[in-house]
Amino acid sequence: MADRQLASKIEEYIEKIHYSDRYSDDLYEYRHVILPKPLLKLVPKEFFDDKAGTLRLLSEAEWRGIGITQSLGWEHYEVHAPEPHVLLFRRLKNYAPPTQPQPAPAARQANTRKK
């Protein structure tokens with residue numbers, strides 16, 4: 001029962017994550033993500049820098065694992081010590097997601113014939 005309540009609470013907090021508009025310079029586009037403070041308390045302890053008392057820089061798998069959803073290419077590049085629930089992200093300004101390799105024309109024709 002406690003696990004179900006915790007999961008429900010986490011889902012409720014995830015819905016309240018705030019994503020800023022994007023802003024940019026010549027090289028990067030940026031955005032900040034603001035976690036609800038109660039959600040920050042549920043983040044695994046190993047995601048924190050013990051010396052600084054803030055979140056450490058998180059990998060994509062880690063920040064996605066705590067409920068942050070963004071398109072591909074974003075990196076968590078900075079922590080803001082006065083407000084540890086604010087995560088700063090950036091990606092190259094002209095970022096293009098990797099494309100799926102397309103099957104060779106002969107393979108496509110073989111797949112079409114099988115149907």
# chains A, B, ... in the order shown; residues from 1 in each chain; ligands from 1
$ select_by_dssp --residues "stretch 41-106 of chain A" --states "helix (DSSP H, G or I)" --output "MDAnalysis selection string"
chainID A and resid 45:47 60:65 105:106
$ residues_around --residues "stretch 15-27 of chain A" --least-positions-apart "5" --cutoff "7 Å" --atoms "only C-alpha atoms" --output "NGL selection string"
:A and (32-36 or 92-93)
$ write_last_selection --atoms "all heavy atoms" --output "tab-separated table (two decimals), in the first residue's frame"
chain	number	residue	atom	x	y	z
A	32	HIS	N	15.42	25.86	-18.47
A	32	HIS	CA	15.54	25.37	-17.10
A	32	HIS	C	14.27	24.61	-16.76
A	32	HIS	O	13.21	24.85	-17.31
A	32	HIS	CB	15.85	26.49	-16.11
A	32	HIS	CG	14.88	27.61	-16.11
A	32	HIS	ND1	14.99	28.69	-16.97
A	32	HIS	CD2	13.77	27.83	-15.38
A	32	HIS	CE1	13.99	29.53	-16.76
A	32	HIS	NE2	13.24	29.03	-15.79
A	33	VAL	N	14.47	23.65	-15.88
A	33	VAL	CA	13.38	22.79	-15.44
A	33	VAL	C	13.29	22.94	-13.92
A	33	VAL	O	14.30	22.82	-13.22
A	33	VAL	CB	13.64	21.32	-15.83
A	33	VAL	CG1	12.58	20.41	-15.26
A	33	VAL	CG2	13.73	21.18	-17.34
A	34	ILE	N	12.10	23.23	-13.45
A	34	ILE	CA	11.90	23.44	-12.02
A	34	ILE	C	11.10	22.26	-11.47
A	34	ILE	O	9.96	22.02	-11.87
A	34	ILE	CB	11.16	24.76	-11.74
A	34	ILE	CG1	11.95	25.93	-12.34
A	34	ILE	CG2	10.95	24.95	-10.24
A	34	ILE	CD1	11.22	27.26	-12.29
A	35	LEU	N	11.75	21.52	-10.59
A	35	LEU	CA	11.08	20.39	-9.94
A	35	LEU	C	10.26	20.89	-8.76
A	35	LEU	O	10.70	21.79	-8.03
A	35	LEU	CB	12.12	19.39	-9.40
A	35	LEU	CG	13.08	18.76	-10.40
A	35	LEU	CD1	14.06	17.84	-9.66
A	35	LEU	CD2	12.33	18.01	-11.47
A	36	PRO	N	9.10	20.33	-8.52
A	36	PRO	CA	8.39	20.64	-7.28
A	36	PRO	C	9.28	20.24	-6.11
A	36	PRO	O	9.91	19.18	-6.13
A	36	PRO	CB	7.14	19.77	-7.35
A	36	PRO	CG	7.00	19.36	-8.77
A	36	PRO	CD	8.38	19.35	-9.35
A	92	LEU	N	23.02	21.86	-28.40
A	92	LEU	CA	23.50	22.64	-29.53
A	92	LEU	C	22.33	23.28	-30.25
A	92	LEU	O	21.27	22.67	-30.41
A	92	LEU	CB	24.30	21.76	-30.49
A	92	LEU	CG	25.68	21.33	-29.98
A	92	LEU	CD1	26.32	20.33	-30.94
A	92	LEU	CD2	26.59	22.54	-29.80
A	93	LYS	N	22.54	24.51	-30.67
A	93	LYS	CA	21.46	25.29	-31.26
A	93	LYS	C	20.86	24.61	-32.50
A	93	LYS	O	19.67	24.63	-32.71
A	93	LYS	CB	21.97	26.68	-31.60
A	93	LYS	CG	20.89	27.68	-31.87
A	93	LYS	CD	21.47	29.05	-31.95
A	93	LYS	CE	20.37	30.07	-32.06
A	93	LYS	NZ	20.94	31.42	-32.10
$ residues_around --residues "A:Pro84" --least-positions-apart "2" --cutoff "10 Å" --atoms "only C-alpha atoms" --output "NGL selection string"
:A and (34-35 or 37 or 40 or 48 or 53-56 or 79-82 or 86-87)
$ write_last_selection --atoms "all heavy atoms" --output "mmCIF file, in the first residue's frame"
data_model
loop_
_atom_site.group_PDB
_atom_site.id
_atom_site.type_symbol
_atom_site.label_atom_id
_atom_site.label_comp_id
_atom_site.auth_asym_id
_atom_site.auth_seq_id
_atom_site.Cartn_x
_atom_site.Cartn_y
_atom_site.Cartn_z
ATOM 1 N N ILE A 34 12.101 23.227 -13.450
ATOM 2 C CA ILE A 34 11.899 23.436 -12.021
ATOM 3 C C ILE A 34 11.101 22.257 -11.475
ATOM 4 O O ILE A 34 9.956 22.022 -11.869
ATOM 5 C CB ILE A 34 11.161 24.757 -11.743
ATOM 6 C CG1 ILE A 34 11.954 25.926 -12.342
ATOM 7 C CG2 ILE A 34 10.945 24.947 -10.241
ATOM 8 C CD1 ILE A 34 11.225 27.263 -12.285
ATOM 9 N N LEU A 35 11.750 21.517 -10.590
ATOM 10 C CA LEU A 35 11.084 20.387 -9.935
ATOM 11 C C LEU A 35 10.263 20.893 -8.759
ATOM 12 O O LEU A 35 10.698 21.792 -8.032
ATOM 13 C CB LEU A 35 12.117 19.393 -9.398
ATOM 14 C CG LEU A 35 13.079 18.763 -10.398
ATOM 15 C CD1 LEU A 35 14.056 17.845 -9.661
ATOM 16 C CD2 LEU A 35 12.334 18.005 -11.467
ATOM 17 N N LYS A 37 9.376 21.079 -5.119
ATOM 18 C CA LYS A 37 10.271 20.790 -3.985
ATOM 19 C C LYS A 37 9.991 19.433 -3.330
ATOM 20 O O LYS A 37 10.936 18.730 -2.975
ATOM 21 C CB LYS A 37 10.242 21.931 -2.977
ATOM 22 C CG LYS A 37 10.927 23.175 -3.515
ATOM 23 C CD LYS A 37 10.889 24.323 -2.532
ATOM 24 C CE LYS A 37 11.513 25.561 -3.154
ATOM 25 N NZ LYS A 37 11.458 26.711 -2.260
ATOM 26 N N LEU A 40 11.844 16.785 -5.248
ATOM 27 C CA LEU A 40 13.289 16.808 -5.000
ATOM 28 C C LEU A 40 13.633 15.942 -3.791
ATOM 29 O O LEU A 40 14.664 15.262 -3.779
ATOM 30 C CB LEU A 40 13.767 18.246 -4.787
ATOM 31 C CG LEU A 40 15.269 18.448 -4.670
ATOM 32 C CD1 LEU A 40 15.965 18.112 -5.988
ATOM 33 C CD2 LEU A 40 15.592 19.860 -4.246
ATOM 34 N N PHE A 48 22.858 13.265 -5.470
ATOM 35 C CA PHE A 48 23.285 14.498 -4.827
ATOM 36 C C PHE A 48 24.788 14.526 -4.618
ATOM 37 O O PHE A 48 25.429 13.499 -4.425
ATOM 38 C CB PHE A 48 22.583 14.663 -3.472
ATOM 39 C CG PHE A 48 21.135 15.039 -3.607
ATOM 40 C CD1 PHE A 48 20.163 14.063 -3.785
ATOM 41 C CD2 PHE A 48 20.742 16.364 -3.577
ATOM 42 C CE1 PHE A 48 18.830 14.391 -3.926
ATOM 43 C CE2 PHE A 48 19.411 16.712 -3.712
ATOM 44 C CZ PHE A 48 18.450 15.721 -3.889
ATOM 45 N N GLY A 53 25.743 19.738 -1.317
ATOM 46 C CA GLY A 53 24.363 19.678 -0.862
ATOM 47 C C GLY A 53 23.357 19.924 -1.974
ATOM 48 O O GLY A 53 22.194 20.222 -1.719
ATOM 49 N N THR A 54 23.804 19.823 -3.231
ATOM 50 C CA THR A 54 22.928 20.027 -4.380
ATOM 51 C C THR A 54 22.939 18.768 -5.241
ATOM 52 O O THR A 54 23.733 17.862 -5.021
ATOM 53 C CB THR A 54 23.412 21.200 -5.251
ATOM 54 O OG1 THR A 54 24.724 20.890 -5.740
ATOM 55 C CG2 THR A 54 23.444 22.498 -4.467
ATOM 56 N N LEU A 55 22.063 18.756 -6.218
ATOM 57 C CA LEU A 55 22.121 17.677 -7.190
ATOM 58 C C LEU A 55 23.451 17.768 -7.930
ATOM 59 O O LEU A 55 23.948 18.855 -8.181
ATOM 60 C CB LEU A 55 20.997 17.809 -8.213
ATOM 61 C CG LEU A 55 19.600 17.380 -7.797
ATOM 62 C CD1 LEU A 55 18.586 17.742 -8.878
ATOM 63 C CD2 LEU A 55 19.537 15.895 -7.513
ATOM 64 N N ARG A 56 24.019 16.619 -8.268
ATOM 65 C CA ARG A 56 25.171 16.615 -9.155
ATOM 66 C C ARG A 56 24.642 16.676 -10.579
ATOM 67 O O ARG A 56 23.418 16.602 -10.795
ATOM 68 C CB ARG A 56 26.023 15.376 -8.917
ATOM 69 C CG ARG A 56 25.289 14.081 -9.168
ATOM 70 C CD ARG A 56 26.206 12.875 -9.070
ATOM 71 N NE ARG A 56 25.490 11.620 -9.076
ATOM 72 C CZ ARG A 56 24.902 11.082 -10.129
ATOM 73 N NH1 ARG A 56 24.909 11.696 -11.289
ATOM 74 N NH2 ARG A 56 24.279 9.922 -10.029
ATOM 75 N N VAL A 79 24.117 23.230 -12.090
ATOM 76 C CA VAL A 79 23.242 23.242 -10.918
ATOM 77 C C VAL A 79 23.257 24.646 -10.342
ATOM 78 O O VAL A 79 24.245 25.365 -10.460
ATOM 79 C CB VAL A 79 23.671 22.207 -9.851
ATOM 80 C CG1 VAL A 79 23.486 20.805 -10.367
ATOM 81 C CG2 VAL A 79 25.090 22.422 -9.417
ATOM 82 N N HIS A 80 22.168 25.029 -9.762
ATOM 83 C CA HIS A 80 22.030 26.373 -9.199
ATOM 84 C C HIS A 80 21.890 26.226 -7.686
ATOM 85 O O HIS A 80 20.800 25.951 -7.184
ATOM 86 C CB HIS A 80 20.810 27.046 -9.826
ATOM 87 C CG HIS A 80 20.613 28.462 -9.414
ATOM 88 N ND1 HIS A 80 21.582 29.417 -9.579
ATOM 89 C CD2 HIS A 80 19.559 29.083 -8.851
ATOM 90 C CE1 HIS A 80 21.129 30.573 -9.128
ATOM 91 N NE2 HIS A 80 19.896 30.388 -8.674
ATOM 92 N N ALA A 81 23.009 26.358 -6.985
ATOM 93 C CA ALA A 81 23.051 26.057 -5.546
ATOM 94 C C ALA A 81 21.953 26.740 -4.721
ATOM 95 O O ALA A 81 21.357 26.091 -3.865
ATOM 96 C CB ALA A 81 24.432 26.373 -4.988
ATOM 97 N N PRO A 82 21.672 28.021 -4.943
ATOM 98 C CA PRO A 82 20.614 28.629 -4.112
ATOM 99 C C PRO A 82 19.236 27.999 -4.303
ATOM 100 O O PRO A 82 18.397 28.074 -3.420
ATOM 101 C CB PRO A 82 20.592 30.091 -4.561
ATOM 102 C CG PRO A 82 21.912 30.324 -5.197
ATOM 103 C CD PRO A 82 22.325 29.020 -5.799
ATOM 104 N N VAL A 86 16.080 23.651 -9.265
ATOM 105 C CA VAL A 86 16.148 24.191 -10.624
ATOM 106 C C VAL A 86 17.310 23.525 -11.350
ATOM 107 O O VAL A 86 18.452 23.614 -10.917
ATOM 108 C CB VAL A 86 16.335 25.727 -10.606
ATOM 109 C CG1 VAL A 86 16.460 26.264 -12.026
ATOM 110 C CG2 VAL A 86 15.185 26.401 -9.871
ATOM 111 N N LEU A 87 17.016 22.832 -12.434
ATOM 112 C CA LEU A 87 18.030 22.149 -13.232
ATOM 113 C C LEU A 87 18.192 22.902 -14.542
ATOM 114 O O LEU A 87 17.189 23.261 -15.189
ATOM 115 C CB LEU A 87 17.621 20.704 -13.524
ATOM 116 C CG LEU A 87 17.668 19.723 -12.350
ATOM 117 C CD1 LEU A 87 16.575 19.952 -11.348
ATOM 118 C CD2 LEU A 87 17.618 18.311 -12.869
#
$ residues_around --residues "A:Ala96" --least-positions-apart "6" --cutoff "12 Å" --atoms "only C-alpha atoms" --output "CSV table (one decimal) with all heavy atoms, in the first residue's frame"
chain,number,residue,atom,x,y,z
A,71,SER,N,12.7,16.5,-25.4
A,71,SER,CA,13.1,15.9,-26.7
A,71,SER,C,14.6,15.6,-26.6
A,71,SER,O,15.3,15.9,-25.6
A,71,SER,CB,12.9,16.9,-27.9
A,71,SER,OG,13.5,18.1,-27.6
A,72,LEU,N,15.1,14.9,-27.6
A,72,LEU,CA,16.5,14.4,-27.5
A,72,LEU,C,17.5,15.6,-27.6
A,72,LEU,O,17.2,16.6,-28.2
A,72,LEU,CB,16.8,13.5,-28.7
A,72,LEU,CG,16.0,12.2,-28.7
A,72,LEU,CD1,16.2,11.4,-29.9
A,72,LEU,CD2,16.3,11.4,-27.4
A,73,GLY,N,18.7,15.3,-27.1
A,73,GLY,CA,19.8,16.3,-27.3
A,73,GLY,C,20.1,17.2,-26.1
A,73,GLY,O,21.1,17.8,-26.1
A,74,TRP,N,19.3,17.2,-25.1
A,74,TRP,CA,19.5,18.0,-23.9
A,74,TRP,C,20.5,17.4,-23.0
A,74,TRP,O,20.4,16.2,-22.7
A,74,TRP,CB,18.1,18.3,-23.2
A,74,TRP,CG,17.2,19.1,-24.0
A,74,TRP,CD1,16.2,18.7,-24.8
A,74,TRP,CD2,17.2,20.5,-24.2
A,74,TRP,NE1,15.5,19.7,-25.4
A,74,TRP,CE2,16.2,20.9,-25.0
A,74,TRP,CE3,18.0,21.6,-23.7
A,74,TRP,CZ2,15.9,22.2,-25.4
A,74,TRP,CZ3,17.8,22.9,-24.0
A,74,TRP,CH2,16.7,23.2,-24.9
$ atom_distance --atom1 "atom CA of A:Pro44" --atom2 "atom CA of A:Ile66"
8.8 Å
$ select_by_dssp --residues "chain A" --states "strand (DSSP E)" --output "CSV table (one decimal) with all heavy atoms, in the first residue's frame"
chain,number,residue,atom,x,y,z
A,18,HIS,N,7.9,22.2,-14.0
A,18,HIS,CA,7.8,23.3,-14.9
A,18,HIS,C,8.9,23.4,-15.9
A,18,HIS,O,10.1,23.2,-15.5
A,18,HIS,CB,7.7,24.6,-14.1
A,18,HIS,CG,7.8,25.8,-14.9
A,18,HIS,ND1,6.7,26.3,-15.6
A,18,HIS,CD2,8.9,26.7,-15.2
A,18,HIS,CE1,7.1,27.4,-16.3
A,18,HIS,NE2,8.4,27.6,-16.1
A,19,TYR,N,8.6,23.5,-17.2
A,19,TYR,CA,9.6,23.6,-18.2
A,19,TYR,C,9.6,25.1,-18.7
A,19,TYR,O,8.6,25.5,-19.2
A,19,TYR,CB,9.3,22.7,-19.3
A,19,TYR,CG,9.3,21.2,-18.9
A,19,TYR,CD1,8.2,20.6,-18.4
A,19,TYR,CD2,10.5,20.4,-18.9
A,19,TYR,CE1,8.2,19.3,-17.9
A,19,TYR,CE2,10.5,19.1,-18.5
A,19,TYR,CZ,9.3,18.6,-18.0
A,19,TYR,OH,9.3,17.3,-17.6
A,23,TYR,N,15.7,29.5,-24.6
A,23,TYR,CA,16.4,30.8,-24.9
A,23,TYR,C,17.8,30.4,-25.4
A,23,TYR,O,18.2,29.2,-25.3
A,23,TYR,CB,16.5,31.7,-23.7
A,23,TYR,CG,16.9,31.0,-22.4
A,23,TYR,CD1,18.2,31.1,-21.9
A,23,TYR,CD2,15.9,30.3,-21.6
A,23,TYR,CE1,18.5,30.4,-20.7
A,23,TYR,CE2,16.2,29.7,-20.4
A,23,TYR,CZ,17.5,29.8,-20.0
A,23,TYR,OH,17.9,29.1,-18.8
A,24,SER,N,18.5,31.2,-26.1
A,24,SER,CA,19.7,30.8,-26.8
A,24,SER,C,20.7,31.9,-26.9
A,24,SER,O,20.5,33.1,-26.7
A,24,SER,CB,19.4,30.3,-28.2
A,24,SER,OG,18.8,31.3,-29.0
A,28,TYR,N,24.3,27.5,-28.2
A,28,TYR,CA,23.4,26.6,-27.5
A,28,TYR,C,22.0,27.2,-27.4
A,28,TYR,O,21.8,28.4,-27.4
A,28,TYR,CB,23.9,26.3,-26.1
A,28,TYR,CG,25.1,25.5,-26.0
A,28,TYR,CD1,26.3,26.1,-25.7
A,28,TYR,CD2,25.0,24.1,-26.2
A,28,TYR,CE1,27.5,25.3,-25.6
A,28,TYR,CE2,26.2,23.3,-26.1
A,28,TYR,CZ,27.4,23.9,-25.8
A,28,TYR,OH,28.5,23.1,-25.8
A,29,GLU,N,21.0,26.3,-27.3
A,29,GLU,CA,19.7,26.7,-26.8
A,29,GLU,C,19.6,26.2,-25.3
A,29,GLU,O,20.2,25.2,-25.0
A,29,GLU,CB,18.6,26.3,-27.6
A,29,GLU,CG,18.3,24.8,-27.8
A,29,GLU,CD,17.1,24.5,-28.6
A,29,GLU,OE1,16.2,25.3,-28.7
A,29,GLU,OE2,17.2,23.4,-29.3
A,30,TYR,N,18.9,26.9,-24.5
A,30,TYR,CA,18.9,26.6,-23.1
A,30,TYR,C,17.4,26.5,-22.6
A,30,TYR,O,16.5,27.1,-23.2
A,30,TYR,CB,19.6,27.7,-22.2
A,30,TYR,CG,21.0,27.9,-22.6
A,30,TYR,CD1,21.3,28.9,-23.6
A,30,TYR,CD2,22.0,27.2,-22.0
A,30,TYR,CE1,22.6,29.1,-23.9
A,30,TYR,CE2,23.4,27.5,-22.3
A,30,TYR,CZ,23.7,28.4,-23.3
A,30,TYR,OH,25.0,28.6,-23.6
A,31,ARG,N,17.3,25.8,-21.5
A,31,ARG,CA,16.0,25.9,-20.8
A,31,ARG,C,16.3,25.5,-19.4
A,31,ARG,O,17.3,24.8,-19.1
A,31,ARG,CB,14.9,25.0,-21.4
A,31,ARG,CG,15.1,23.5,-21.1
A,31,ARG,CD,14.0,22.6,-21.7
A,31,ARG,NE,12.8,23.2,-21.9
A,31,ARG,CZ,11.8,22.7,-22.6
A,31,ARG,NH1,12.0,21.5,-23.1
A,31,ARG,NH2,10.7,23.3,-22.8
A,32,HIS,N,15.4,25.9,-18.5
A,32,HIS,CA,15.5,25.4,-17.1
A,32,HIS,C,14.3,24.6,-16.8
A,32,HIS,O,13.2,24.8,-17.3
A,32,HIS,CB,15.9,26.5,-16.1
A,32,HIS,CG,14.9,27.6,-16.1
A,32,HIS,ND1,15.0,28.7,-17.0
A,32,HIS,CD2,13.8,27.8,-15.4
A,32,HIS,CE1,14.0,29.5,-16.8
A,32,HIS,NE2,13.2,29.0,-15.8
A,33,VAL,N,14.5,23.7,-15.9
A,33,VAL,CA,13.4,22.8,-15.4
A,33,VAL,C,13.3,22.9,-13.9
A,33,VAL,O,14.3,22.8,-13.2
A,33,VAL,CB,13.6,21.3,-15.8
A,33,VAL,CG1,12.6,20.4,-15.3
A,33,VAL,CG2,13.7,21.2,-17.3
A,34,ILE,N,12.1,23.2,-13.4
A,34,ILE,CA,11.9,23.4,-12.0
A,34,ILE,C,11.1,22.3,-11.5
A,34,ILE,O,10.0,22.0,-11.9
A,34,ILE,CB,11.2,24.8,-11.7
A,34,ILE,CG1,12.0,25.9,-12.3
A,34,ILE,CG2,10.9,24.9,-10.2
A,34,ILE,CD1,11.2,27.3,-12.3
A,48,PHE,N,22.9,13.3,-5.5
A,48,PHE,CA,23.3,14.5,-4.8
A,48,PHE,C,24.8,14.5,-4.6
A,48,PHE,O,25.4,13.5,-4.4
A,48,PHE,CB,22.6,14.7,-3.5
A,48,PHE,CG,21.1,15.0,-3.6
A,48,PHE,CD1,20.2,14.1,-3.8
A,48,PHE,CD2,20.7,16.4,-3.6
A,48,PHE,CE1,18.8,14.4,-3.9
A,48,PHE,CE2,19.4,16.7,-3.7
A,48,PHE,CZ,18.5,15.7,-3.9
A,49,ASP,N,25.3,15.7,-4.6
A,49,ASP,CA,26.7,16.0,-4.3
A,49,ASP,C,26.8,16.2,-2.8
A,49,ASP,O,26.3,17.3,-2.3
A,49,ASP,CB,27.3,17.2,-5.1
A,49,ASP,CG,28.7,17.5,-4.8
A,49,ASP,OD1,29.2,17.1,-3.7
A,49,ASP,OD2,29.3,18.2,-5.6
A,54,THR,N,23.8,19.8,-3.2
A,54,THR,CA,22.9,20.0,-4.4
A,54,THR,C,22.9,18.8,-5.2
A,54,THR,O,23.7,17.9,-5.0
A,54,THR,CB,23.4,21.2,-5.3
A,54,THR,OG1,24.7,20.9,-5.7
A,54,THR,CG2,23.4,22.5,-4.5
A,55,LEU,N,22.1,18.8,-6.2
A,55,LEU,CA,22.1,17.7,-7.2
A,55,LEU,C,23.5,17.8,-7.9
A,55,LEU,O,23.9,18.9,-8.2
A,55,LEU,CB,21.0,17.8,-8.2
A,55,LEU,CG,19.6,17.4,-7.8
A,55,LEU,CD1,18.6,17.7,-8.9
A,55,LEU,CD2,19.5,15.9,-7.5
A,75,GLU,N,21.3,18.3,-22.4
A,75,GLU,CA,22.2,17.8,-21.4
A,75,GLU,C,22.1,18.7,-20.1
A,75,GLU,O,21.9,19.9,-20.2
A,75,GLU,CB,23.7,17.8,-21.8
A,75,GLU,CG,24.2,19.2,-22.0
A,75,GLU,CD,25.7,19.3,-22.3
A,75,GLU,OE1,26.5,18.5,-21.6
A,75,GLU,OE2,26.2,20.1,-23.1
A,76,HIS,N,22.1,18.1,-19.0
A,76,HIS,CA,22.1,18.8,-17.7
A,76,HIS,C,23.5,19.3,-17.5
A,76,HIS,O,24.4,18.5,-17.3
A,76,HIS,CB,21.6,17.8,-16.6
A,76,HIS,CG,21.6,18.4,-15.2
A,76,HIS,ND1,21.8,17.7,-14.1
A,76,HIS,CD2,21.3,19.7,-14.8
A,76,HIS,CE1,21.7,18.5,-13.0
A,76,HIS,NE2,21.4,19.7,-13.5
A,77,TYR,N,23.6,20.6,-17.6
A,77,TYR,CA,25.0,21.2,-17.6
A,77,TYR,C,25.3,22.0,-16.4
A,77,TYR,O,26.5,22.4,-16.2
A,77,TYR,CB,25.2,22.0,-18.8
A,77,TYR,CG,24.6,23.4,-18.8
A,77,TYR,CD1,25.4,24.5,-18.5
A,77,TYR,CD2,23.3,23.6,-19.1
A,77,TYR,CE1,24.8,25.8,-18.4
A,77,TYR,CE2,22.7,24.8,-19.0
A,77,TYR,CZ,23.5,25.9,-18.7
A,77,TYR,OH,22.9,27.2,-18.6
A,78,GLU,N,24.4,22.3,-15.5
A,78,GLU,CA,24.6,23.3,-14.4
A,78,GLU,C,23.6,23.0,-13.3
A,78,GLU,O,22.5,22.7,-13.5
A,78,GLU,CB,24.5,24.7,-14.9
A,78,GLU,CG,24.9,25.8,-13.9
A,78,GLU,CD,26.3,25.8,-13.6
A,78,GLU,OE1,27.1,25.9,-14.6
A,78,GLU,OE2,26.7,25.7,-12.4
A,79,VAL,N,24.1,23.2,-12.1
A,79,VAL,CA,23.2,23.2,-10.9
A,79,VAL,C,23.3,24.6,-10.3
A,79,VAL,O,24.2,25.4,-10.5
A,79,VAL,CB,23.7,22.2,-9.9
A,79,VAL,CG1,23.5,20.8,-10.4
A,79,VAL,CG2,25.1,22.4,-9.4
A,86,VAL,N,16.1,23.7,-9.3
A,86,VAL,CA,16.1,24.2,-10.6
A,86,VAL,C,17.3,23.5,-11.4
A,86,VAL,O,18.5,23.6,-10.9
A,86,VAL,CB,16.3,25.7,-10.6
A,86,VAL,CG1,16.5,26.3,-12.0
A,86,VAL,CG2,15.2,26.4,-9.9
A,87,LEU,N,17.0,22.8,-12.4
A,87,LEU,CA,18.0,22.1,-13.2
A,87,LEU,C,18.2,22.9,-14.5
A,87,LEU,O,17.2,23.3,-15.2
A,87,LEU,CB,17.6,20.7,-13.5
A,87,LEU,CG,17.7,19.7,-12.3
A,87,LEU,CD1,16.6,20.0,-11.3
A,87,LEU,CD2,17.6,18.3,-12.9
A,88,LEU,N,19.4,23.2,-14.9
A,88,LEU,CA,19.7,23.9,-16.1
A,88,LEU,C,20.2,23.0,-17.2
A,88,LEU,O,21.0,22.1,-17.0
A,88,LEU,CB,20.8,25.0,-15.9
A,88,LEU,CG,20.4,25.9,-14.7
A,88,LEU,CD1,21.6,26.8,-14.4
A,88,LEU,CD2,19.2,26.8,-15.1
A,89,PHE,N,19.5,23.1,-18.4
A,89,PHE,CA,19.8,22.2,-19.6
A,89,PHE,C,20.2,23.1,-20.8
A,89,PHE,O,19.8,24.2,-20.9
A,89,PHE,CB,18.6,21.4,-19.9
A,89,PHE,CG,18.2,20.4,-18.9
A,89,PHE,CD1,17.4,20.7,-17.8
A,89,PHE,CD2,18.6,19.1,-19.1
A,89,PHE,CE1,17.1,19.7,-16.9
A,89,PHE,CE2,18.3,18.1,-18.1
A,89,PHE,CZ,17.5,18.4,-17.0
A,90,ARG,N,21.0,22.4,-21.6
A,90,ARG,CA,21.4,23.0,-22.9
A,90,ARG,C,21.5,21.9,-24.0
A,90,ARG,O,21.7,20.8,-23.7
A,90,ARG,CB,22.7,23.8,-22.8
A,90,ARG,CG,23.9,22.9,-22.6
A,90,ARG,CD,25.2,23.7,-22.5
A,90,ARG,NE,26.3,22.8,-22.3
A,90,ARG,CZ,27.5,23.2,-22.0
A,90,ARG,NH1,27.8,24.4,-21.8
A,90,ARG,NH2,28.5,22.3,-21.9
A,91,ARG,N,21.5,22.4,-25.2
A,91,ARG,CA,21.8,21.5,-26.4
A,91,ARG,C,22.3,22.4,-27.5
A,91,ARG,O,22.0,23.6,-27.5
A,91,ARG,CB,20.6,20.6,-26.8
A,91,ARG,CG,19.5,21.3,-27.5
A,91,ARG,CD,18.5,20.3,-28.0
A,91,ARG,NE,17.3,20.9,-28.5
A,91,ARG,CZ,16.3,20.3,-28.8
A,91,ARG,NH1,16.2,19.0,-28.7
A,91,ARG,NH2,15.2,20.9,-29.3
A,92,LEU,N,23.0,21.9,-28.4
A,92,LEU,CA,23.5,22.6,-29.5
A,92,LEU,C,22.3,23.3,-30.3
A,92,LEU,O,21.3,22.7,-30.4
A,92,LEU,CB,24.3,21.8,-30.5
A,92,LEU,CG,25.7,21.3,-30.0
A,92,LEU,CD1,26.3,20.3,-30.9
A,92,LEU,CD2,26.6,22.5,-29.8
$ residues_around --residues "A:Glu62" --least-positions-apart "5" --cutoff "10 Å" --atoms "only C-alpha atoms" --output "ChimeraX atom specification"
/A:43-44,47,57,67-68
$ write_last_selection --atoms "all heavy atoms" --output "short mmCIF file (atom, residue, chain, number, x, y, z; two decimals), in the first residue's frame"
data_model
loop_
_atom_site.label_atom_id
_atom_site.label_comp_id
_atom_site.auth_asym_id
_atom_site.auth_seq_id
_atom_site.Cartn_x
_atom_site.Cartn_y
_atom_site.Cartn_z
N VAL A 43 14.10 12.26 -4.78
CA VAL A 43 15.19 11.91 -5.70
C VAL A 43 16.21 11.06 -4.95
O VAL A 43 16.53 11.35 -3.79
CB VAL A 43 15.84 13.20 -6.25
CG1 VAL A 43 17.12 12.90 -7.02
CG2 VAL A 43 14.85 13.96 -7.13
N PRO A 44 16.71 9.99 -5.58
CA PRO A 44 17.68 9.13 -4.89
C PRO A 44 18.89 9.91 -4.35
O PRO A 44 19.38 10.83 -5.00
CB PRO A 44 18.13 8.15 -5.99
CG PRO A 44 16.99 8.12 -6.95
CD PRO A 44 16.40 9.51 -6.93
N PHE A 47 22.07 10.84 -6.30
CA PHE A 47 22.04 11.90 -7.31
C PHE A 47 22.53 13.23 -6.74
O PHE A 47 22.62 14.20 -7.47
CB PHE A 47 20.62 12.09 -7.84
CG PHE A 47 20.14 10.97 -8.73
CD1 PHE A 47 20.83 9.78 -8.88
CD2 PHE A 47 18.96 11.12 -9.43
CE1 PHE A 47 20.37 8.75 -9.70
CE2 PHE A 47 18.48 10.10 -10.25
CZ PHE A 47 19.19 8.93 -10.39
N LEU A 57 25.51 16.81 -11.56
CA LEU A 57 25.05 16.77 -12.94
C LEU A 57 24.54 15.37 -13.24
O LEU A 57 25.19 14.38 -12.95
CB LEU A 57 26.18 17.15 -13.90
CG LEU A 57 26.70 18.57 -13.75
CD1 LEU A 57 27.80 18.85 -14.76
CD2 LEU A 57 25.57 19.59 -13.88
N GLY A 67 11.49 11.74 -13.91
CA GLY A 67 10.25 12.28 -14.47
C GLY A 67 10.39 13.45 -15.41
O GLY A 67 9.39 13.96 -15.91
N ILE A 68 11.59 13.89 -15.70
CA ILE A 68 11.78 15.00 -16.64
C ILE A 68 11.66 14.44 -18.05
O ILE A 68 12.29 13.45 -18.40
CB ILE A 68 13.15 15.68 -16.43
CG1 ILE A 68 13.19 16.32 -15.04
CG2 ILE A 68 13.42 16.71 -17.52
CD1 ILE A 68 14.55 16.85 -14.64
#
$ atom_distance --atom1 "atom CA of A:Ile14" --atom2 "atom CA of A:Leu39"
7.5 Å
$ atom_distance --atom1 "atom CA of A:Leu42" --atom2 "atom CA of A:Glu60"
17.9 Å
